[in-house]
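**Student:** Below is one structure. I have some questions about it.
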4 protein chains.
Amino acid sequence: MIGKSMEELKIGDEASFQKTITETDVYMYAGISGDINPAHINETFMKDSMFKGRIVHGMLTAGLISAVLGTRLPGPGTIYLGQDLKFLAPVRFGDTIEAKVIVKEKLDEKNRVILETICTNQEGKKVLTGFAQVMPPKK
Amino acid sequence: MIGKSMEELKIGDEASFQKTITETDVYMYAGISGDINPAHINETFMKDSMFKGRIVHGMLTAGLISAVLGTRLPGPGTIYLGQDLKFLAPVRFGDTIEAKVIVKEKLDEKNRVILETICTNQEGKKVLTGFAQVMPPKK
Amino acid sequence: MIGKSMEELKIGDEASFQKTITETDVYMYAGISGDINPAHINETFMKDSMFKGRIVHGMLTAGLISAVLGTRLPGPGTIYLGQDLKFLAPVRFGDTIEAKVIVKEKLDEKNRVILETICTNQEGKKVLTGFAQVMPPKK
Amino acid sequence: MIGKSMEELKIGDEASFQKTITETDVYMYAGISGDINPAHINETFMKDSMFKGRIVHGMLTAGLISAVLGTRLPGPGTIYLGQDLKFLAPVRFGDTIEAKVIVKEKLDEKNRVILETICTNQEGKKVLTGFAQVMPPKK
């Protein structure tokens, strides 16, 4: 049940997770985060905006990155130290997002790993990019 | 319903949002994000860890920052461009987290604003810090 | 509030429950069960499959049987001892499923009852069949 | 993203998934399944019963088996054909359940696999046993 340790991780290792993000996800996330911005829950307000309708919270999409790091690479036991995020394009209700992480750098003496993190929609468009810093599990 | 525009925002302006994060929040967030890492949903696995029990997803705590930006400062109409996050300490089920944002820099010609973002627990301990970059609404 | 006892149950007694199963049900169930199989939450992956789209978890459909047993026949106080399930056809988002249970056998000396369990979709197609073994409430 | 095929599966292969089942899970599952049996949602009714309090729906626990089959072994692409379940002991709110599946039999000509399925609580007590029949993904 324990993920990959520093020794087992290699530069270039990658893993991903895909999910179709639904209205249900957005509405439940609005309740959990308290982010009741009309951008996410007010169709009347948004249908005349540049987005032409409600959009998914950027931070909800970012959660898929956390899912990959915590369940696949490095996996269970990983400690999440930091993440930077660039929100590049809107995610709409019903989009299928793939979150991919790629090992980019190993800081062995500090037991830290830097991973590139990329979220792409069903048309291959990047919607979110950035880098994660994690402490992989010890064995 | 529209938030503050570039002209209305001043360096040093701040706003915050507080929420007690519950087991329910964490379990629903695990489903939404797909992050079913045992750190969040397996008490048997976690009670003997350094954390002494299940902890809240860092990215769920980060959602409170999004809530402040999107509903209070700058508020509705804000476009979230980027965020960097440093996860400093674990958040436990039942902790009350305050997310605060403070206007730090105004890039007028690009219509962008940099805000410091700080999440603190009920004991005043910083659990998450970083900076947000947003495009405030136009009027 | 107590259901039917051994004495009150007769061979051939039946009861049913119907529900339209929604995307919301499937997404919340994915979080509860941890079953984030792409079959249920990834439309891009599934639209080219033999199912032509996301399908409902078979075990979610089975929950409707539990609902009939625990609330209608025998009803509250029933102890669920066993169930066998044959998944015969996919259930799609928006399908209306009827779960029906029919008393087939009474094992009086052991206070056990065998019920046939059948789930049918809105077109009358059987999607799930099997048998339940329960201990009806005592009075 | 595709799970193990018939050729890759070996007798004795096993996989598992653990989750602490909470009141939230039970209440959300009650809504999804329609199983509002007082055994699960009425503490007053249940505190004087032989169970001394509300218990988890047996079929909710069974969902963890579906999670292992659909995400780990055989994994994505698996078609669930059948399951039999023996509910052996009550699961209480807060119990940490491990669902384990073990490959027992391969019916090559029919592309079917039989797996033993066992759910155990945090004290090692078996709460649910049975057998699953699945069609593993083709490659």
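Identifiers in this document derive from the order of the structure tokens: chains are assigned A, B, ..., residues are numbered from 1 separately in each chain, and ligands are numbered from 1 in order of occurrence.
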Once you count only C-alpha atoms, which residues of chain C turn out to be within 8 Å of chain A? Could you give them as a PyMOL selection string?
**Tutor:** chain C and resi 23-24+27+38+41-44
**Student:** Any chance you could list, as a VMD selection string, the residues in stretch 56-107 of chain A that come up strand (DSSP E or B) when DSSP is run on the backbone?
**Tutor:** chain A and resid 79 to 87 92 96 to 107
**Student:** Just write the chosen residues, N, CA, C and O atoms, as a CSV table (one decimal), in the first residue's frame.
**Tutor:**
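Just written: again_19.csv:
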chain,number,residue,atom,x,y,z
A,79,ILE,N,4.2,12.9,1.1
A,79,ILE,CA,3.9,14.1,1.8
A,79,ILE,C,4.0,15.3,0.8
A,79,ILE,O,5.0,15.5,0.1
A,80,TYR,N,2.9,16.0,0.6
A,80,TYR,CA,2.8,17.1,-0.4
A,80,TYR,C,3.4,18.3,0.2
A,80,TYR,O,2.9,18.8,1.3
A,81,LEU,N,4.4,18.9,-0.3
A,81,LEU,CA,5.1,20.0,0.2
A,81,LEU,C,4.7,21.3,-0.5
A,81,LEU,O,4.6,22.4,0.2
A,82,GLY,N,4.5,21.3,-1.8
A,82,GLY,CA,4.2,22.5,-2.5
A,82,GLY,C,3.7,22.2,-3.9
A,82,GLY,O,3.9,21.2,-4.4
A,83,GLN,N,3.0,23.2,-4.4
A,83,GLN,CA,2.5,23.1,-5.8
A,83,GLN,C,2.3,24.5,-6.3
A,83,GLN,O,1.9,25.4,-5.6
A,84,ASP,N,2.8,24.7,-7.6
A,84,ASP,CA,2.4,25.9,-8.2
A,84,ASP,C,1.5,25.6,-9.4
A,84,ASP,O,1.6,24.6,-10.0
A,85,LEU,N,0.6,26.5,-9.7
A,85,LEU,CA,-0.5,26.3,-10.6
A,85,LEU,C,-0.7,27.4,-11.5
A,85,LEU,O,-0.7,28.6,-11.1
A,86,LYS,N,-0.7,27.2,-12.8
A,86,LYS,CA,-1.1,28.2,-13.8
A,86,LYS,C,-2.4,27.7,-14.5
A,86,LYS,O,-2.4,26.7,-15.1
A,87,PHE,N,-3.5,28.5,-14.3
A,87,PHE,CA,-4.8,28.2,-14.9
A,87,PHE,C,-4.8,28.8,-16.3
A,87,PHE,O,-4.8,30.0,-16.5
A,92,ARG,N,-15.1,23.2,-18.6
A,92,ARG,CA,-16.5,23.3,-18.6
A,92,ARG,C,-17.1,22.0,-18.0
A,92,ARG,O,-16.5,20.9,-18.0
A,96,THR,N,-13.7,16.0,-19.9
A,96,THR,CA,-12.9,14.9,-19.3
A,96,THR,C,-11.4,15.4,-19.2
A,96,THR,O,-10.8,15.7,-20.2
A,97,ILE,N,-11.0,15.5,-17.9
A,97,ILE,CA,-9.6,16.0,-17.7
A,97,ILE,C,-8.7,14.9,-17.3
A,97,ILE,O,-9.0,14.0,-16.5
A,98,GLU,N,-7.5,15.0,-18.0
A,98,GLU,CA,-6.4,14.1,-17.6
A,98,GLU,C,-5.4,14.9,-16.8
A,98,GLU,O,-4.9,15.9,-17.3
A,99,ALA,N,-5.1,14.4,-15.6
A,99,ALA,CA,-4.0,15.0,-14.8
A,99,ALA,C,-2.8,14.1,-14.9
A,99,ALA,O,-2.9,12.9,-14.6
A,100,LYS,N,-1.7,14.6,-15.4
A,100,LYS,CA,-0.5,13.8,-15.5
A,100,LYS,C,0.7,14.4,-14.7
A,100,LYS,O,0.8,15.6,-14.6
A,101,VAL,N,1.4,13.5,-14.1
A,101,VAL,CA,2.6,14.0,-13.3
A,101,VAL,C,3.9,13.3,-13.9
A,101,VAL,O,3.8,12.1,-14.2
A,102,ILE,N,5.0,14.0,-13.9
A,102,ILE,CA,6.2,13.5,-14.5
A,102,ILE,C,7.4,13.9,-13.6
A,102,ILE,O,7.5,15.0,-13.2
A,103,VAL,N,8.1,12.9,-13.2
A,103,VAL,CA,9.3,13.2,-12.3
A,103,VAL,C,10.3,13.9,-13.0
A,103,VAL,O,10.8,13.5,-14.1
A,104,LYS,N,10.7,15.1,-12.5
A,104,LYS,CA,11.6,16.0,-13.2
A,104,LYS,C,13.0,16.1,-12.5
A,104,LYS,O,14.0,16.3,-13.1
A,105,GLU,N,12.9,16.1,-11.2
A,105,GLU,CA,14.2,16.3,-10.4
A,105,GLU,C,14.1,15.6,-9.1
A,105,GLU,O,13.1,15.5,-8.5
A,106,LYS,N,15.3,15.0,-8.7
A,106,LYS,CA,15.4,14.3,-7.4
A,106,LYS,C,16.4,15.0,-6.6
A,106,LYS,O,17.6,15.1,-6.9
A,107,LEU,N,15.9,15.5,-5.4
A,107,LEU,CA,16.9,16.2,-4.5
A,107,LEU,C,17.1,15.2,-3.4
A,107,LEU,O,16.5,15.2,-2.3
**Student:** What's the 6 Å shell around stretch 54-69 of chain A, counting only C-alpha atoms, without same-chain residues fewer than 6 positions away, as a list of chain:residue names?
**Tutor:**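 Counting only the stated atoms, we get A:Ser16, A:Ala39, A:His40, A:Glu43, A:Met46, A:Gly75, A:Val91, A:Arg92, A:Ala99, B:Ser33, B:Gly34, B:Asp35.
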**Student:** In Å to one decimal, how far is atom CA of C:Pro136 from atom CA of C:Pro74?
**Tutor:**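 Those two atoms sit 5.9 Å apart.
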**Student:** Could you tell me how far atom CA of D:Phe131 sits from atom CA of D:Ile118, in Å to one decimal place?
**Tutor:**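 Taking atom CA of D:Ile118 as the start and atom CA of D:Phe131 as the end point, the length is 8.4 Å.
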